[in-house]
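Data from structure.txt: compact mmCIF, C-alpha atoms
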# COMPACT_ATOMS: atom_id res chain seq x y z
CA LEU A 3 -121.89 -1.80 88.42
CA ALA A 4 -123.89 -0.28 85.56
CA PHE A 5 -122.52 3.18 86.40
CA ALA A 6 -118.99 1.78 86.61
CA ARG A 7 -119.43 0.41 83.10
CA GLY A 8 -120.62 3.76 81.76
CA GLU A 9 -124.27 2.79 81.54
CA GLY A 10 -125.57 5.30 84.07
CA ARG A 11 -128.30 7.81 83.44
CA GLU A 12 -126.12 10.16 81.42
CA GLU A 13 -127.73 11.07 78.11
CA PRO A 14 -125.72 11.83 74.96
CA ALA A 15 -125.43 15.50 74.04
CA MET A 16 -123.69 17.17 71.11
CA ALA A 17 -120.09 17.80 72.06
CA ASP A 18 -116.99 19.33 70.51
CA LEU A 19 -114.51 16.46 70.22
CA ARG A 20 -111.44 18.72 70.33
CA GLU A 21 -112.67 20.26 73.58
CA GLN A 22 -113.34 16.84 75.15
CA LEU A 23 -109.96 15.40 74.14
CA SER A 24 -108.05 18.58 75.07
CA ASP A 25 -109.57 18.43 78.54
CA VAL A 26 -108.46 14.83 79.03
CA VAL A 27 -104.96 15.50 77.68
CA SER A 28 -104.45 18.61 79.82
CA ARG A 29 -105.51 16.72 82.96
CA ASN A 30 -102.98 13.98 82.16
CA GLN A 31 -100.17 16.42 81.29
CA ARG A 32 -100.24 18.07 84.72
CA SER A 33 -97.52 15.70 85.88
CA GLY A 34 -95.33 16.54 82.88
CA GLU A 35 -96.32 13.58 80.72
CA ALA A 36 -95.60 13.74 76.97
CA ILE A 37 -98.88 13.54 75.06
CA ASP A 38 -99.34 14.87 71.53
CA LEU A 39 -102.89 15.74 70.46
CA HIS A 40 -104.06 16.36 66.91
CA VAL A 41 -107.73 16.71 65.96
CA GLU A 42 -108.50 17.12 62.26
CA GLY A 43 -111.02 19.93 61.82
CA ASP A 44 -114.09 20.73 63.89
CA ILE A 45 -115.91 17.56 64.91
CA ARG A 46 -119.16 17.52 66.82
CA LEU A 47 -120.87 14.32 67.80
CA PRO A 48 -123.27 13.02 70.44
CA LEU A 49 -121.36 11.93 73.55
CA LYS A 50 -122.05 10.90 77.08
CA ARG A 51 -119.38 13.37 78.09
CA VAL A 52 -118.48 12.08 81.55
CA ALA A 53 -118.33 8.46 80.38
CA PHE A 54 -116.39 9.39 77.23
CA ARG A 55 -113.77 11.39 79.16
CA ARG A 56 -113.46 8.53 81.64
CA GLU A 57 -112.85 6.03 78.85
CA VAL A 58 -110.23 8.17 77.07
CA THR A 59 -108.57 8.96 80.41
CA ASN A 60 -108.30 5.25 81.15
CA LEU A 61 -106.69 4.52 77.77
CA ILE A 62 -104.21 7.39 78.11
CA ALA A 63 -103.36 6.44 81.70
CA ASN A 64 -102.67 2.87 80.59
CA ALA A 65 -100.42 4.13 77.78
CA LEU A 66 -98.55 6.49 80.11
CA ARG A 67 -98.03 3.70 82.63
CA TYR A 68 -95.86 1.78 80.14
CA ALA A 69 -94.63 4.34 77.60
CA ASP A 70 -92.54 7.49 77.42
CA HIS A 71 -94.58 9.07 74.64
CA VAL A 72 -98.28 8.97 73.77
CA SER A 73 -100.03 10.47 70.77
CA LEU A 74 -103.75 10.95 70.34
CA ARG A 75 -105.21 11.72 66.90
CA ALA A 76 -108.82 12.12 65.84
CA GLY A 77 -110.50 12.70 62.51
CA LEU A 78 -113.51 11.99 60.33
CA ARG A 79 -113.50 8.73 58.40
CA ARG A 80 -116.60 8.42 56.20
CA GLN A 81 -119.63 8.54 58.52
CA SER A 82 -117.69 7.99 61.71
CA VAL A 83 -115.05 9.50 63.93
CA GLU A 84 -111.78 7.67 64.43
CA ILE A 85 -109.65 8.27 67.51
CA ILE A 86 -106.22 6.65 67.65
CA ILE A 87 -104.05 6.47 70.75
CA ASP A 88 -100.49 5.29 70.05
CA ASP A 89 -97.64 4.74 72.49
CA ASP A 90 -94.00 3.66 72.41
CA GLY A 91 -94.22 1.21 75.30
CA PRO A 92 -93.76 -2.57 75.21
CA GLY A 93 -97.21 -3.20 73.73
CA ILE A 94 -99.26 -6.35 74.17
CA PRO A 95 -98.43 -9.65 72.48
CA ASP A 96 -100.67 -10.22 69.44
CA ASP A 97 -102.12 -13.42 70.87
CA GLN A 98 -103.35 -11.52 73.96
CA LEU A 99 -104.94 -8.46 72.30
CA ALA A 100 -108.48 -9.88 72.52
CA GLU A 101 -107.94 -11.30 76.01
CA VAL A 102 -107.29 -7.92 77.66
CA PHE A 103 -110.92 -6.89 77.07
CA LYS A 104 -112.15 -9.72 79.29
CA PRO A 105 -113.00 -8.77 82.89
CA PHE A 106 -110.22 -9.25 85.46
CA VAL A 107 -107.54 -10.08 82.88
CA ARG A 108 -104.18 -8.53 83.70
CA LEU A 109 -100.96 -9.07 81.81
CA ASP A 110 -98.87 -9.39 84.94
CA GLN A 111 -95.58 -10.01 83.17
CA SER A 112 -95.87 -6.67 81.37
CA ARG A 113 -97.12 -4.64 84.32
CA ASN A 114 -95.15 -2.64 86.78
CA PRO A 115 -95.68 -4.29 90.21
CA GLU A 116 -96.34 -0.88 91.77
CA THR A 117 -99.35 -0.25 89.57
CA GLY A 118 -102.75 -1.26 90.80
CA GLY A 119 -105.74 -2.35 88.84
CA VAL A 120 -107.90 -5.41 88.79
CA GLY A 121 -108.23 -5.82 85.05
CA LEU A 122 -111.47 -3.95 84.42
CA GLY A 123 -110.23 -0.77 82.71
CA LEU A 124 -110.31 -2.01 79.13
CA THR A 125 -113.54 -3.92 79.73
CA ILE A 126 -115.20 -0.73 80.95
CA ALA A 127 -113.66 1.36 78.15
CA ARG A 128 -115.05 -1.03 75.53
CA ASP A 129 -118.48 -1.01 77.19
CA ILE A 130 -118.52 2.80 77.15
CA ILE A 131 -117.50 2.94 73.49
CA ARG A 132 -120.08 0.33 72.52
CA GLY A 133 -122.65 2.27 74.54
CA HIS A 134 -121.96 5.13 72.12
CA GLY A 135 -122.59 2.81 69.16
CA GLY A 136 -118.89 2.45 68.40
CA ASP A 137 -116.12 -0.05 68.90
CA ILE A 138 -112.45 -0.31 69.85
CA ASP A 139 -109.64 -2.55 68.71
CA LEU A 140 -106.03 -2.91 69.75
CA SER A 141 -102.99 -3.53 67.57
CA ARG A 142 -99.28 -2.82 67.36
CA SER A 143 -98.47 0.89 67.15
CA PRO A 144 -96.09 2.24 64.50
CA GLN A 145 -94.27 3.70 67.54
CA GLY A 146 -93.59 0.14 68.72
CA GLY A 147 -96.09 -0.04 71.56
CA LEU A 148 -99.86 -0.34 71.57
CA ARG A 149 -102.45 1.29 69.31
CA ALA A 150 -106.03 1.72 70.50
CA ARG A 151 -108.37 2.57 67.61
CA ILE A 152 -111.82 3.89 68.56
CA ARG A 153 -114.59 4.32 66.02
CA LEU A 154 -117.71 6.31 66.94
CA PRO A 155 -120.76 7.18 64.82
CA LEU A 156 -121.38 10.83 64.02
CA LEU A 157 -125.08 10.46 64.75
CA ALA A 158 -126.78 8.95 67.79
CA GLU A 159 -128.25 5.56 67.10
Written as structure tokens, how would this file's structure read?
Amino acid sequence: LAFARGEGREEPAMADLREQLSDVVSRNQRSGEAIDLHVEGDIRLPLKRVAFRREVTNLIANALRYADHVSLRAGLRRQSVEIIIDDDGPGIPDDQLAEVFKPFVRLDQSRNPETGGVGLGLTIARDIIRGHGGDIDLSRSPQGGLRARIRLPLLAE
């Protein structure tokens, strides 16, 4: 379970954020999905690359499951990196935003019955982000759907 939560033996290494995010976006666009990517400047930070790509992939896949359009933006904000994933889907009710991080929580009424999942994706994503010394929060997107805001430190802790 530790590996599933992103706590395996992978050590952080300096990584180019644009390269990491571009890789994830290109893998998700292979089926013709609409994803806009914008990275402000050249950003290098210590990442557990496999875990990080897994976490971002999970967030983008969730957004694409419910939305027609997804945007991913990243930039420096003081001594941290901020990554924002916005979508135009139905979003999550405000009173359930904290609940979706709990293991095995699924918002069945908002999910397509053909989609799988046991309610661990956001739990694992948050564990991976926190394993990098960062955090994630969810809110309403200006596009009408969900916004996932990730904050990561520039330096390894």
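Residues with any atom within 8 Å of the point (-122.8, 8.6, 74.1), counting all atoms listed in the file, are Glu13, Pro14, Ala15, Pro48, Leu49, Lys50, Arg51, Ala53, Phe54, Ile130, Ile131, Gly133, His134, Gly135 and Ala158 of chain A.
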Could you check the closest approach to Thr125 (chain A) for each of A:Asn60, A:Gln81, A:Gln98, A:Gln145 and tell me which residue wins, using all atoms listed in the file? A:Asn60
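CA of Leu74 (chain A) to CA of Ile86 (chain A) spans 5.6 Å [interatomic distance, one decimal].
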Between CA of Pro95 (chain A) and CA of Ile126 (chain A), what distance in Å does the model show, to one decimal?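 Going from CA of Pro95 (chain A) over to CA of Ile126 (chain A), I get 20.8 Å.
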Using all atoms listed in the file, list the residues that have an atom at most 10 Å from (-106.3, -7.8, 72.6), coordinates as in the file, as a PyMOL selection string. chain A and resi 94-104+124+139-141+148+150
One decimal, in Å: what's the spacing between CA of Ile85 (chain A) and CA of Arg67 (chain A)? 19.6 Å
List as CSV every residue of region 54-156 of chain A that is in contact with region 18-36 of chain A, defined as an atom at most 10 Å from one of its atoms (using all atoms listed in the file), together with the nearest atom pair and the distance in Å rounded to one decimal, sorted by chain and then rising number.
residue,atom,partner,partner_atom,distance
A:Phe54,CA,A:Gln22,CA,8.3
A:Arg55,CA,A:Val26,CA,6.3
A:Arg56,CA,A:Val26,CA,8.5
A:Glu57,CA,A:Val26,CA,9.8
A:Val58,CA,A:Val26,CA,7.2
A:Thr59,CA,A:Val26,CA,6.0
A:Asn60,CA,A:Val26,CA,9.8
A:Ile62,CA,A:Asn30,CA,7.8
A:Ala63,CA,A:Asn30,CA,7.6
A:Leu66,CA,A:Glu35,CA,7.5
A:Ala69,CA,A:Ala36,CA,9.5
A:Asp70,CA,A:Ala36,CA,7.0
A:His71,CA,A:Ala36,CA,5.3
A:Val72,CA,A:Ala36,CA,6.3
A:Ser73,CA,A:Ala36,CA,8.3
A:Leu74,CA,A:Leu23,CA,8.5
A:Arg75,CA,A:Leu23,CA,9.4
A:Ala76,CA,A:Leu19,CA,8.4
A:Gly77,CA,A:Leu19,CA,9.5
A:Val83,CA,A:Leu19,CA,9.4
A:Ile85,CA,A:Leu23,CA,9.7
